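Asks: Data file entry-v7.cif (mmCIF, C-alpha atoms and all ligand atoms) is appended below.
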data_query
#
loop_
_atom_site.label_atom_id
_atom_site.label_comp_id
_atom_site.auth_asym_id
_atom_site.auth_seq_id
_atom_site.Cartn_x
_atom_site.Cartn_y
_atom_site.Cartn_z
CA MET A 160 -18.57 3.55 -6.38
CA LEU A 161 -18.06 6.53 -4.05
CA GLU A 162 -20.71 9.19 -4.66
CA ARG A 163 -20.49 11.29 -1.54
CA ILE A 164 -17.61 12.17 0.82
CA PRO A 165 -17.69 11.11 3.57
CA GLY A 166 -19.68 8.08 2.55
CA ASP A 167 -19.94 4.35 1.98
CA LEU A 168 -19.59 2.69 -1.41
CA ILE A 169 -22.58 1.92 -3.58
CA ILE A 170 -22.82 -0.70 -6.31
CA ASP A 171 -23.82 0.55 -9.75
CA GLU A 172 -23.34 -0.18 -13.46
CA VAL A 173 -20.33 1.56 -15.00
CA VAL A 174 -19.57 1.50 -18.71
CA VAL A 175 -15.91 0.93 -19.54
CA GLY A 176 -14.19 2.02 -22.70
CA PRO A 177 -13.23 2.58 -25.42
CA VAL A 178 -9.75 1.03 -25.21
CA GLY A 179 -7.27 3.81 -26.09
CA PRO A 180 -4.06 3.15 -28.08
CA ARG A 181 -1.95 2.48 -24.97
CA ASP A 182 -4.75 1.17 -22.77
CA VAL A 183 -5.24 -2.36 -21.51
CA LEU A 184 -8.58 -3.87 -20.49
CA VAL A 185 -8.14 -6.29 -17.60
CA ARG A 186 -10.66 -8.76 -16.15
CA THR A 187 -10.23 -8.23 -12.38
CA ALA A 188 -9.66 -11.41 -10.36
CA ALA A 189 -9.25 -9.88 -6.91
CA ALA A 190 -8.84 -6.50 -5.24
CA GLY A 191 -7.58 -5.77 -1.73
CA LEU A 192 -9.03 -3.28 0.77
CA CYS A 193 -6.32 -0.78 1.77
CA HIS A 194 -6.61 1.91 4.40
CA SER A 195 -5.79 4.48 1.71
CA ASP A 196 -9.20 3.80 0.09
CA LEU A 197 -10.76 4.41 3.50
CA HIS A 198 -8.93 7.76 3.87
CA PHE A 199 -10.68 8.92 0.67
CA MET A 200 -14.08 7.59 1.82
CA GLU A 201 -13.64 9.50 5.07
CA GLY A 202 -12.59 12.72 3.34
CA LYS A 203 -9.09 12.82 4.81
CA TYR A 204 -7.90 13.31 1.23
CA PRO A 205 -10.01 15.00 -1.46
CA HIS A 206 -11.16 13.30 -4.66
CA PRO A 207 -13.75 14.26 -7.28
CA VAL A 208 -16.89 12.09 -7.27
CA PRO A 209 -18.36 9.87 -8.48
CA THR A 210 -15.33 7.64 -8.45
CA VAL A 211 -14.63 3.92 -8.28
CA LEU A 212 -12.07 3.27 -5.52
CA GLY A 213 -9.63 0.35 -5.22
CA HIS A 214 -5.98 0.20 -6.23
CA GLU A 215 -4.60 -3.20 -5.15
CA SER A 216 -5.56 -5.74 -7.80
CA ALA A 217 -4.60 -8.49 -10.19
CA GLY A 218 -6.32 -10.00 -13.20
CA ILE A 219 -6.14 -11.25 -16.76
CA VAL A 220 -5.71 -9.10 -19.87
CA GLU A 221 -8.78 -9.15 -22.12
CA GLU A 222 -7.99 -6.57 -24.76
CA VAL A 223 -5.10 -4.26 -25.64
CA GLY A 224 -4.92 -0.93 -27.47
CA SER A 225 -3.39 -0.59 -30.94
CA GLN A 226 0.04 0.55 -29.64
CA VAL A 227 0.41 -1.87 -26.73
CA SER A 228 3.19 -4.41 -27.10
CA TYR A 229 4.03 -5.13 -23.43
CA VAL A 230 1.08 -7.47 -22.80
CA GLN A 231 -1.41 -9.43 -24.84
CA PRO A 232 -4.81 -10.99 -24.11
CA GLY A 233 -4.48 -13.88 -21.65
CA ASP A 234 -1.48 -12.43 -19.79
CA HIS A 235 -1.73 -12.29 -15.99
CA VAL A 236 -1.00 -8.87 -14.50
CA ILE A 237 -0.80 -6.93 -11.25
CA SER A 238 -1.82 -3.27 -11.24
CA CYS A 239 0.13 -0.52 -9.48
CA VAL A 240 -0.71 3.13 -8.82
CA SER A 241 2.91 4.01 -9.65
CA GLY A 242 2.26 4.46 -13.35
CA PHE A 243 5.43 5.80 -14.94
CA CYS A 244 5.91 7.94 -18.06
CA GLY A 245 9.41 6.53 -18.59
CA GLY A 246 10.82 9.81 -19.90
CA CYS A 247 11.00 12.32 -17.04
CA ARG A 248 13.95 13.03 -14.74
CA GLN A 249 12.59 10.86 -11.90
CA CYS A 250 11.81 7.93 -14.17
CA LEU A 251 15.19 8.12 -15.89
CA SER A 252 17.10 8.36 -12.60
CA GLY A 253 15.58 5.19 -11.19
CA HIS A 254 12.63 6.64 -9.26
CA PRO A 255 9.63 5.91 -11.49
CA ASN A 256 7.34 5.85 -8.39
CA LEU A 257 7.96 9.60 -8.18
CA CYS A 258 7.27 10.19 -11.89
CA ASP A 259 7.03 13.92 -12.62
CA ASN A 260 4.11 13.23 -14.91
CA ALA A 261 2.12 11.55 -12.15
CA GLY A 262 -1.43 11.21 -13.32
CA PHE A 263 -0.28 10.77 -16.90
CA GLY A 264 -2.30 8.09 -18.55
CA VAL A 265 -5.26 8.99 -16.32
CA ASP A 266 -6.63 12.14 -17.89
CA THR A 267 -6.87 11.07 -21.48
CA ALA A 268 -8.00 13.73 -23.89
CA GLY A 269 -10.32 11.22 -25.45
CA PRO A 270 -13.65 9.90 -24.15
CA PRO A 271 -13.67 9.08 -20.41
CA ARG A 272 -12.57 5.56 -19.52
CA LEU A 273 -15.46 5.12 -17.08
CA ARG A 274 -19.03 6.36 -17.47
CA ARG A 275 -22.36 5.98 -15.75
CA GLY A 276 -24.97 6.74 -18.38
CA ASP A 277 -23.78 10.03 -19.93
CA GLN A 278 -21.90 11.07 -16.80
CA PRO A 279 -18.11 10.60 -16.55
CA VAL A 280 -16.92 8.61 -13.55
CA PHE A 281 -13.52 9.69 -12.18
CA GLN A 282 -10.87 7.02 -12.24
CA PHE A 283 -9.09 6.55 -8.89
CA ALA A 284 -5.29 6.49 -8.98
CA GLY A 285 -5.37 5.55 -12.65
CA LEU A 286 -6.90 2.19 -11.72
CA SER A 287 -10.34 1.92 -9.98
CA SER A 288 -9.95 -1.71 -8.94
CA PHE A 289 -13.30 -2.36 -7.19
CA ALA A 290 -14.91 -3.42 -10.46
CA GLU A 291 -15.08 -6.50 -12.69
CA GLN A 292 -12.89 -4.77 -15.27
CA LEU A 293 -10.00 -2.31 -15.20
CA LEU A 294 -9.14 -0.05 -18.12
CA VAL A 295 -5.64 1.28 -17.53
CA HIS A 296 -2.56 2.63 -19.27
CA GLU A 297 -0.09 -0.21 -19.90
CA ASN A 298 2.53 1.45 -17.63
CA TYR A 299 0.29 0.75 -14.62
CA LEU A 300 0.69 -3.00 -15.08
CA VAL A 301 3.32 -5.67 -14.57
CA LYS A 302 3.11 -9.02 -16.30
CA ILE A 303 3.50 -11.99 -13.93
CA ARG A 304 4.01 -15.74 -14.20
CA PRO A 305 0.71 -17.53 -14.88
CA ASP A 306 1.10 -20.08 -12.09
CA MET A 307 0.95 -17.37 -9.41
CA PRO A 308 -2.53 -17.41 -7.75
CA LEU A 309 -4.18 -14.12 -8.74
CA ASP A 310 -5.84 -13.47 -5.37
CA LYS A 311 -2.48 -13.56 -3.59
CA ALA A 312 -0.91 -11.59 -6.45
CA ALA A 313 -3.40 -8.77 -5.82
CA LEU A 314 -1.92 -8.23 -2.34
CA ILE A 315 1.39 -7.35 -3.96
CA GLY A 316 -0.29 -4.48 -5.86
CA CYS A 317 -0.08 -2.15 -2.86
CA GLY A 318 0.35 -3.65 0.64
CA VAL A 319 3.36 -5.87 0.03
CA THR A 320 5.09 -3.42 -2.30
CA THR A 321 4.54 -0.53 0.14
CA GLY A 322 5.56 -2.34 3.33
CA VAL A 323 8.39 -4.56 2.12
CA GLY A 324 9.60 -1.81 -0.24
CA ALA A 325 9.74 0.83 2.54
CA VAL A 326 12.18 -1.42 4.39
CA LEU A 327 14.28 -2.71 1.48
CA ASN A 328 14.18 0.24 -0.94
CA THR A 329 13.41 3.42 1.03
CA ALA A 330 15.17 2.73 4.33
CA LYS A 331 17.64 0.14 3.00
CA VAL A 332 17.65 -1.77 6.28
CA ARG A 333 20.81 -3.81 6.82
CA ALA A 334 21.35 -7.16 8.47
CA GLY A 335 21.51 -6.77 12.24
CA ASP A 336 19.65 -3.42 12.38
CA VAL A 337 17.18 -2.89 15.23
CA ILE A 338 13.72 -2.04 13.89
CA ALA A 339 10.38 -0.83 15.23
CA VAL A 340 7.13 -0.87 13.23
CA ILE A 341 4.20 1.17 14.53
CA GLY A 342 0.88 -0.21 13.23
CA CYS A 343 0.54 -3.87 12.29
CA GLY A 344 -2.12 -3.74 9.56
CA GLY A 345 -1.67 -4.79 5.94
CA ILE A 346 1.24 -2.38 5.47
CA GLY A 347 2.93 -2.78 8.86
CA LEU A 348 2.95 -6.60 8.71
CA ASN A 349 4.70 -6.33 5.36
CA ALA A 350 7.25 -3.92 6.81
CA ILE A 351 7.87 -6.53 9.53
CA GLN A 352 8.39 -9.33 7.03
CA GLY A 353 10.56 -7.04 4.91
CA ALA A 354 12.77 -6.42 7.95
CA ASP A 355 12.92 -10.16 8.54
CA ILE A 356 13.97 -10.74 4.91
CA ALA A 357 16.65 -8.04 5.31
CA GLY A 358 18.02 -9.92 8.32
CA ALA A 359 17.16 -7.29 10.93
CA GLY A 360 18.54 -8.15 14.37
CA ARG A 361 15.49 -7.24 16.36
CA ILE A 362 12.01 -6.31 15.14
CA ILE A 363 9.68 -4.58 17.61
CA ALA A 364 6.01 -4.57 16.57
CA ILE A 365 3.71 -1.93 18.04
CA ASP A 366 -0.10 -1.93 17.84
CA ARG A 367 -2.97 -1.37 20.23
CA ILE A 368 -4.83 -4.56 19.30
CA ALA A 369 -3.61 -7.80 20.90
CA SER A 370 -4.52 -10.04 17.92
CA LYS A 371 -2.38 -7.83 15.66
CA LEU A 372 0.61 -8.26 17.93
CA ASP A 373 0.14 -12.04 17.82
CA LEU A 374 0.01 -11.90 14.03
CA ALA A 375 3.12 -9.67 13.98
CA LEU A 376 5.06 -12.40 15.81
CA THR A 377 4.23 -14.86 13.02
CA PHE A 378 5.53 -12.32 10.44
CA GLY A 379 8.95 -12.08 12.10
CA ALA A 380 8.57 -9.66 15.02
CA THR A 381 10.87 -10.54 17.91
CA ASP A 382 9.24 -8.22 20.48
CA VAL A 383 5.82 -6.60 20.82
CA VAL A 384 4.63 -3.42 22.48
CA ASP A 385 0.95 -2.86 23.27
CA ALA A 386 0.31 0.82 22.45
CA SER A 387 -2.95 0.75 24.40
CA ALA A 388 -1.01 0.07 27.60
CA GLY A 389 0.95 3.33 27.65
CA ASP A 390 3.61 5.32 25.82
CA PRO A 391 5.26 3.08 23.21
CA VAL A 392 8.28 5.42 22.96
CA GLY A 393 9.30 4.79 26.56
CA ALA A 394 8.74 1.05 26.11
CA VAL A 395 10.94 0.90 23.00
CA LEU A 396 13.71 3.01 24.54
CA GLU A 397 13.71 0.67 27.52
CA LEU A 398 13.64 -2.51 25.42
CA THR A 399 16.56 -1.33 23.27
CA GLY A 400 18.56 0.60 25.83
CA GLY A 401 18.68 3.76 23.73
CA GLY A 402 16.51 3.51 20.64
CA VAL A 403 16.23 1.80 17.29
CA ASP A 404 18.14 2.12 14.01
CA HIS A 405 14.94 2.29 11.97
CA ALA A 406 11.36 3.08 12.95
CA PHE A 407 8.46 2.73 10.48
CA GLU A 408 5.10 4.45 10.90
CA ALA A 409 2.36 2.43 9.19
CA ILE A 410 -0.85 4.06 10.44
CA GLY A 411 -1.09 7.61 9.07
CA LEU A 412 -1.15 9.83 12.18
CA ALA A 413 1.06 12.79 13.05
CA ALA A 414 1.26 11.54 16.65
CA THR A 415 2.64 8.13 15.68
CA ALA A 416 5.02 9.68 13.12
CA GLN A 417 6.42 11.71 16.02
CA GLN A 418 6.65 8.55 18.11
CA ALA A 419 8.65 6.92 15.29
CA PHE A 420 11.18 9.77 15.37
CA ASN A 421 11.30 9.86 19.16
CA MET A 422 12.15 6.16 19.49
CA LEU A 423 15.28 6.45 17.32
CA GLY A 424 18.74 5.92 18.65
CA LYS A 425 21.61 8.15 17.45
CA GLY A 426 21.96 8.03 13.68
CA GLY A 427 18.54 6.39 13.33
CA THR A 428 16.01 6.93 10.56
CA ALA A 429 12.22 7.19 10.91
CA THR A 430 10.32 6.30 7.73
CA VAL A 431 6.71 7.44 7.57
CA ILE A 432 4.61 5.18 5.35
CA GLY A 433 1.16 6.15 6.64
CA MET A 434 -0.83 8.88 4.86
CA ILE A 435 -1.09 11.67 7.41
CA PRO A 436 -4.31 13.67 6.85
CA LEU A 437 -3.78 16.55 4.45
CA GLY A 438 -2.70 19.75 6.19
CA GLU A 439 -1.52 18.12 9.43
CA ARG A 440 2.02 18.83 10.61
CA VAL A 441 4.63 16.54 12.14
CA GLU A 442 6.84 18.13 14.82
CA ILE A 443 10.28 17.00 15.84
CA ASP A 444 12.76 18.29 18.39
CA GLY A 445 15.38 20.20 16.38
CA PHE A 446 18.19 19.27 18.77
CA GLN A 447 17.77 15.60 17.85
CA LEU A 448 18.99 16.41 14.33
CA LEU A 449 22.42 16.99 15.84
CA MET A 450 22.33 13.29 16.70
CA GLU A 451 22.07 12.60 12.96
CA LYS A 452 18.50 11.37 13.23
CA ARG A 453 16.45 11.43 10.07
CA LEU A 454 12.76 11.65 9.22
CA GLN A 455 11.72 10.58 5.73
CA GLY A 456 8.65 9.59 3.76
CA SER A 457 8.11 6.56 1.57
CA ASN A 458 5.95 6.49 -1.54
CA MET A 459 4.67 3.02 -2.47
CA GLY A 460 7.83 1.46 -1.08
CA SER A 461 10.06 3.45 -3.49
CA ASN A 462 9.15 0.78 -6.01
CA ARG A 463 10.27 -0.03 -9.48
CA PHE A 464 7.30 -2.32 -9.61
CA ARG A 465 8.10 -4.17 -12.83
CA ILE A 466 11.28 -5.36 -11.10
CA ASP A 467 10.04 -5.63 -7.49
CA MET A 468 6.70 -7.41 -7.97
CA PRO A 469 8.01 -10.41 -9.94
CA GLN A 470 10.70 -10.73 -7.24
CA TYR A 471 8.05 -10.80 -4.49
CA ILE A 472 6.25 -13.55 -6.40
CA GLU A 473 9.45 -15.63 -6.56
CA TRP A 474 9.90 -15.17 -2.81
CA TYR A 475 6.29 -16.20 -2.16
CA LEU A 476 6.56 -19.31 -4.32
CA ALA A 477 9.84 -20.20 -2.59
CA GLY A 478 8.21 -19.84 0.85
CA LYS A 479 10.15 -16.70 1.78
CA LEU A 480 7.27 -14.22 1.68
CA LYS A 481 3.97 -14.66 3.53
CA LEU A 482 0.85 -13.80 1.58
CA ASP A 483 -1.74 -16.41 2.62
CA GLU A 484 -1.37 -15.34 6.24
CA LEU A 485 -2.17 -11.71 5.31
CA VAL A 486 -5.70 -12.53 4.22
CA SER A 487 -8.25 -12.04 7.02
CA ALA A 488 -11.33 -12.38 4.79
CA VAL A 489 -12.44 -12.92 1.19
CA MET A 490 -15.78 -11.41 0.15
CA PRO A 491 -17.96 -10.60 -2.83
CA LEU A 492 -18.25 -6.94 -3.91
CA GLU A 493 -21.67 -6.75 -2.22
CA GLU A 494 -19.99 -6.99 1.22
CA ILE A 495 -17.32 -4.37 0.67
CA ASN A 496 -18.76 -1.83 3.13
CA ASP A 497 -18.68 -4.46 5.89
CA GLY A 498 -15.05 -5.03 4.95
CA PHE A 499 -14.22 -1.33 5.31
CA ALA A 500 -16.05 -1.24 8.67
CA ALA A 501 -13.86 -4.13 9.83
CA LEU A 502 -10.73 -2.35 8.55
CA LYS A 503 -11.70 0.73 10.52
CA GLY A 504 -12.08 -1.44 13.64
CA GLY A 505 -8.44 -2.48 13.29
CA GLU A 506 -8.89 -6.23 13.87
CA VAL A 507 -8.22 -7.31 10.26
CA ALA A 508 -5.00 -7.47 8.21
CA ARG A 509 -5.89 -7.60 4.50
CA GLN A 510 -9.31 -8.40 3.02
CA LEU A 511 -9.92 -9.31 -0.60
CA VAL A 512 -12.90 -8.81 -2.86
CA THR A 513 -12.96 -11.53 -5.50
CA PHE A 514 -14.85 -11.58 -8.79
CA ASP A 515 -15.80 -14.74 -10.63
N1 LIG B 601 3.05 5.66 1.56
C1 LIG B 601 2.36 4.93 0.72
O1 LIG B 601 2.68 4.86 -0.46
C2 LIG B 601 1.17 4.17 1.21
C3 LIG B 601 0.66 3.10 0.46
C4 LIG B 601 -0.40 2.36 0.99
C5 LIG B 601 -0.94 2.68 2.21
N2 LIG B 601 -0.44 3.75 2.90
C6 LIG B 601 -0.95 4.14 4.23
O2 LIG B 601 -0.44 3.25 5.20
C7 LIG B 601 -1.28 3.32 6.35
C8 LIG B 601 -1.59 1.92 6.83
O3 LIG B 601 -2.43 1.25 5.90
P1 LIG B 601 -3.04 -0.19 6.24
O4 LIG B 601 -3.87 -0.57 5.05
O5 LIG B 601 -1.97 -1.08 6.72
O6 LIG B 601 -4.01 0.18 7.48
P2 LIG B 601 -4.66 -0.78 8.56
O7 LIG B 601 -5.88 -0.09 9.02
O8 LIG B 601 -4.75 -2.16 8.02
O9 LIG B 601 -3.56 -0.83 9.75
C9 LIG B 601 -3.40 0.16 10.71
C10 LIG B 601 -2.96 -0.52 12.02
O10 LIG B 601 -2.60 0.49 12.95
C11 LIG B 601 -3.12 0.17 14.24
N3 LIG B 601 -3.27 1.43 14.98
C12 LIG B 601 -4.18 2.41 14.77
N4 LIG B 601 -3.95 3.44 15.61
C13 LIG B 601 -2.88 3.10 16.37
C14 LIG B 601 -2.13 3.76 17.38
N5 LIG B 601 -2.46 4.96 17.82
N6 LIG B 601 -1.04 3.12 17.90
C15 LIG B 601 -0.69 1.87 17.47
N7 LIG B 601 -1.35 1.21 16.50
C16 LIG B 601 -2.44 1.81 15.95
C17 LIG B 601 -4.42 -0.55 13.94
O11 LIG B 601 -4.81 -1.37 15.02
C18 LIG B 601 -4.06 -1.37 12.69
O12 LIG B 601 -3.53 -2.64 13.04
C19 LIG B 601 -2.49 4.13 5.93
O13 LIG B 601 -2.33 5.48 6.34
C20 LIG B 601 -2.44 4.06 4.43
O14 LIG B 601 -3.10 5.13 3.79
C21 LIG B 601 0.59 4.48 2.41
ZN ZN B 602 -2.92 0.97 -0.79
ZN ZN B 603 8.11 9.89 -15.45
#
Can the structure in the file be given as structure tokens, please?
Replies:
Amino acid sequence: MLERIPGDLIIDEVVVGPVGPRDVLVRTAAAGLCHSDLHFMEGKYPHPVPTVLGHESAGIVEEVGSQVSYVQPGDHVISCVSGFCGGCRQCLSGHPNLCDNAGFGVDTAGPPRLRRGDQPVFQFAGLSSFAEQLLVHENYLVKIRPDMPLDKAALIGCGVTTGVGAVLNTAKVRAGDVIAVIGCGGIGLNAIQGADIAGAGRIIAIDRIASKLDLALTFGATDVVDASAGDPVGAVLELTGGGVDHAFEAIGLAATAQQAFNMLGKGGTATVIGMIPLGERVEIDGFQLLMEKRLQGSNMGSNRFRIDMPQYIEWYLAGKLKLDELVSAVMPLEEINDGFAALKGGEVARQLVTFD
């Protein structure tokens, strides 16, 4: 639980329930550590406290509300922050990740879903995955095949969906395109393997940590650029003789978002996946827009997660999507602060907390 911002997480007893009419109680199997959780711990984005963080998880349904028909006890599920109302303009036009009623299903009028003693505990992103149980609206879940290992399934809940989805859904990379990915963490490595799946011609991985560049090569990168050695924009322009078709920023810094735009060739598109600290501005050279260059954002890989996530599972089981290789460490909840310290250091890809 996060009690103070900035601050580390503490472990405490939280009471869950009652299960509302459209709520589902899930026994958490595993939850991944994403840099977005860290942004909230560091105060780069505001959130009321106390709150239970975590938003990348999978588990088994224990109990369902009176109106829930989508899942039943025993079903295996992945959670997603992109809860959708199903009735607004965005949902109905195929963009449920941008649901106009974002936050619906979080602020129930009834008793709070999470409590510590008499005090309400704020639910994070409609989920709060760093806990043995999740109590969520049914539209924050996708049912998955029961033979999919739940720890690997958890990774699909955010990292895979965000990285692979940014490439396939947001940017719609085409076979033969020349790609650069800045930041090779949990999200960036998935953008790299998404580009590989799309058949990209060349995939340039950029990070400032050597072990990350080695890992990027195993995820499909064809070239690497060490950002600690100098300006990555110059290096990419030189490698490509004029710039890339698509650049992806997967860190969350204005400076690297600008780098992404500046390494584009004519007609190229920069897709910013990283969460740039609230209030910070990204500057581009207006003249470059005459070269038909584009700068765009990507929210959770522009997912329609009940379609995308089962597809990612099929690809994993068929050997087309790497998940095992994403996992740098598996830990009990008690070690979660060490995990976040390692994430901050930049040496790890994804880490999982497992519950038994
Ligand atoms: N848009 C979305 O919907 C969405 C969803 C999930 C996560 N995110 C964001 O994506 C970003 C990445 O998340 P993550 O979990 O992969 O983080 P991470 O910490 O695992 O990875 C970041 C990587 O960037 C590298 N890096 C840091 N500074 C660098 C620099 N100046 N130049 C080159 N490389 C540098 C680090 O070495 C690390 O490998 C975060 O900002 C996170 O909040 C966005
Ligand atoms: Zn995330
Ligand atoms: Zn909606």
Asks: Which neighbours of region 225-232 of chain A fall inside 8 Å, counting all atoms listed in the file, when residues of the same chain fewer than 4 positions from it are skipped, and could you give them as a list in words?
Replies: Gly179, Pro180, Arg181, Asp182, Val183, Ile219, Val220, Glu221, Glu297 and Lys302 of chain A
Asks: Just want the residues within 9 Å of ligand ZN 602 (chain B), written as a ChimeraX atom specification, counting only C-alpha atoms and all ligand atoms.
Replies: /A:191-196,213-215,240,316-318,321,345-346,459
Asks: Determine the axis-aligned bounding box of all atoms of ligand LIG 601 (chain B) present in the file, pad each side by 8 Å, and express its centre and edge lengths in Å to one decimal place as lines of an AutoDock Vina configuration file.
Replies:
center_x = -1.4
center_y = 1.5
center_z = 8.7
size_x = 24.9
size_y = 24.3
size_z = 34.4
Asks: Dump the neighbourhood of ligand LIG 601 (chain B) as a PyMOL selection string: all residues within 6 Å, distances computed on all atoms listed in the file.
Replies: chain A and resi 193-195+317+321+341-347+365-368+371+386+409-411+432-434+457-459+502+505+508
Asks: Quick one: everything within 7 Å of Gly360 (chain A), counting only C-alpha atoms, minus sequence neighbours fewer than 5 positions away in the same chain. Send it as a list in words.
Replies: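 In the requested format, the answer is Ala334, Gly335, Asp336 and Val337 of chain A.
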Asks: List as a list of chain:residue names the protein and nucleic acid residues lying within 12 Å of ligand ZN 603 (chain B), with all atoms listed in the file counted.
Replies: A:Ser241, A:Gly242, A:Phe243, A:Cys244, A:Gly245, A:Gly246, A:Cys247, A:Arg248, A:Gln249, A:Cys250, A:Leu251, A:Ser252, A:Gly253, A:His254, A:Pro255, A:Asn256, A:Leu257, A:Cys258, A:Asp259, A:Asn260, A:Ala261, A:Gly262, A:Phe263, A:Gly264, A:Asn298, A:Arg463
Asks: For a cutoff of 9 Å around the file-coordinate point (24.8, 5.6, 18.2), which residues qualify once you count all atoms listed in the file? I'd like the result as a list of chain:residue names.
Replies: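 Protein, DNA and RNA residues close to (24.8, 5.6, 18.2): A:Gly401, A:Gly402, A:Asp404, A:Gly424, A:Lys425, A:Gly426, A:Gly427, A:Met450.
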Asks: Could you take the residues named above and write them with C-alpha atoms, as an mmCIF file, in the coordinates of the input?
Replies:
data_model
loop_
_atom_site.group_PDB
_atom_site.id
_atom_site.type_symbol
_atom_site.label_atom_id
_atom_site.label_comp_id
_atom_site.auth_asym_id
_atom_site.auth_seq_id
_atom_site.Cartn_x
_atom_site.Cartn_y
_atom_site.Cartn_z
ATOM 1 C CA GLY A 401 18.680 3.760 23.730
ATOM 2 C CA GLY A 402 16.510 3.510 20.640
ATOM 3 C CA ASP A 404 18.140 2.120 14.010
ATOM 4 C CA GLY A 424 18.740 5.920 18.650
ATOM 5 C CA LYS A 425 21.610 8.150 17.450
ATOM 6 C CA GLY A 426 21.960 8.030 13.680
ATOM 7 C CA GLY A 427 18.540 6.390 13.330
ATOM 8 C CA MET A 450 22.330 13.290 16.700
#
Asks: Name the closest residue to Ala501 (chain A) among the candidates A:Thr513, A:Met422, A:Ala488, A:Pro391; distances are taken between atoms, counting all atoms listed in the file.
Replies: A:Ala488
Asks: Name the residues, using the chain letters and numbers of the file, that sit within 6 Å of (7.1, -3.3, 0.9) when counting only C-alpha atoms, and give them as a list of chain:residue names.
Replies: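 Output of the proximity query reads A:Val319, A:Thr320, A:Thr321, A:Gly322, A:Val323, A:Gly324, A:Ala325, A:Asn349, A:Ala350, A:Gly460.
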Asks: Would you mind listing what lies within 8 Å of Leu482 (chain A) as a list in words, with all atoms listed in the file counted and same-chain residues fewer than 3 positions away left out?
Replies: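 With the cut-off at 8 Å, the set is Lys311, Leu314, Tyr475, Leu485 and Val486 of chain A.
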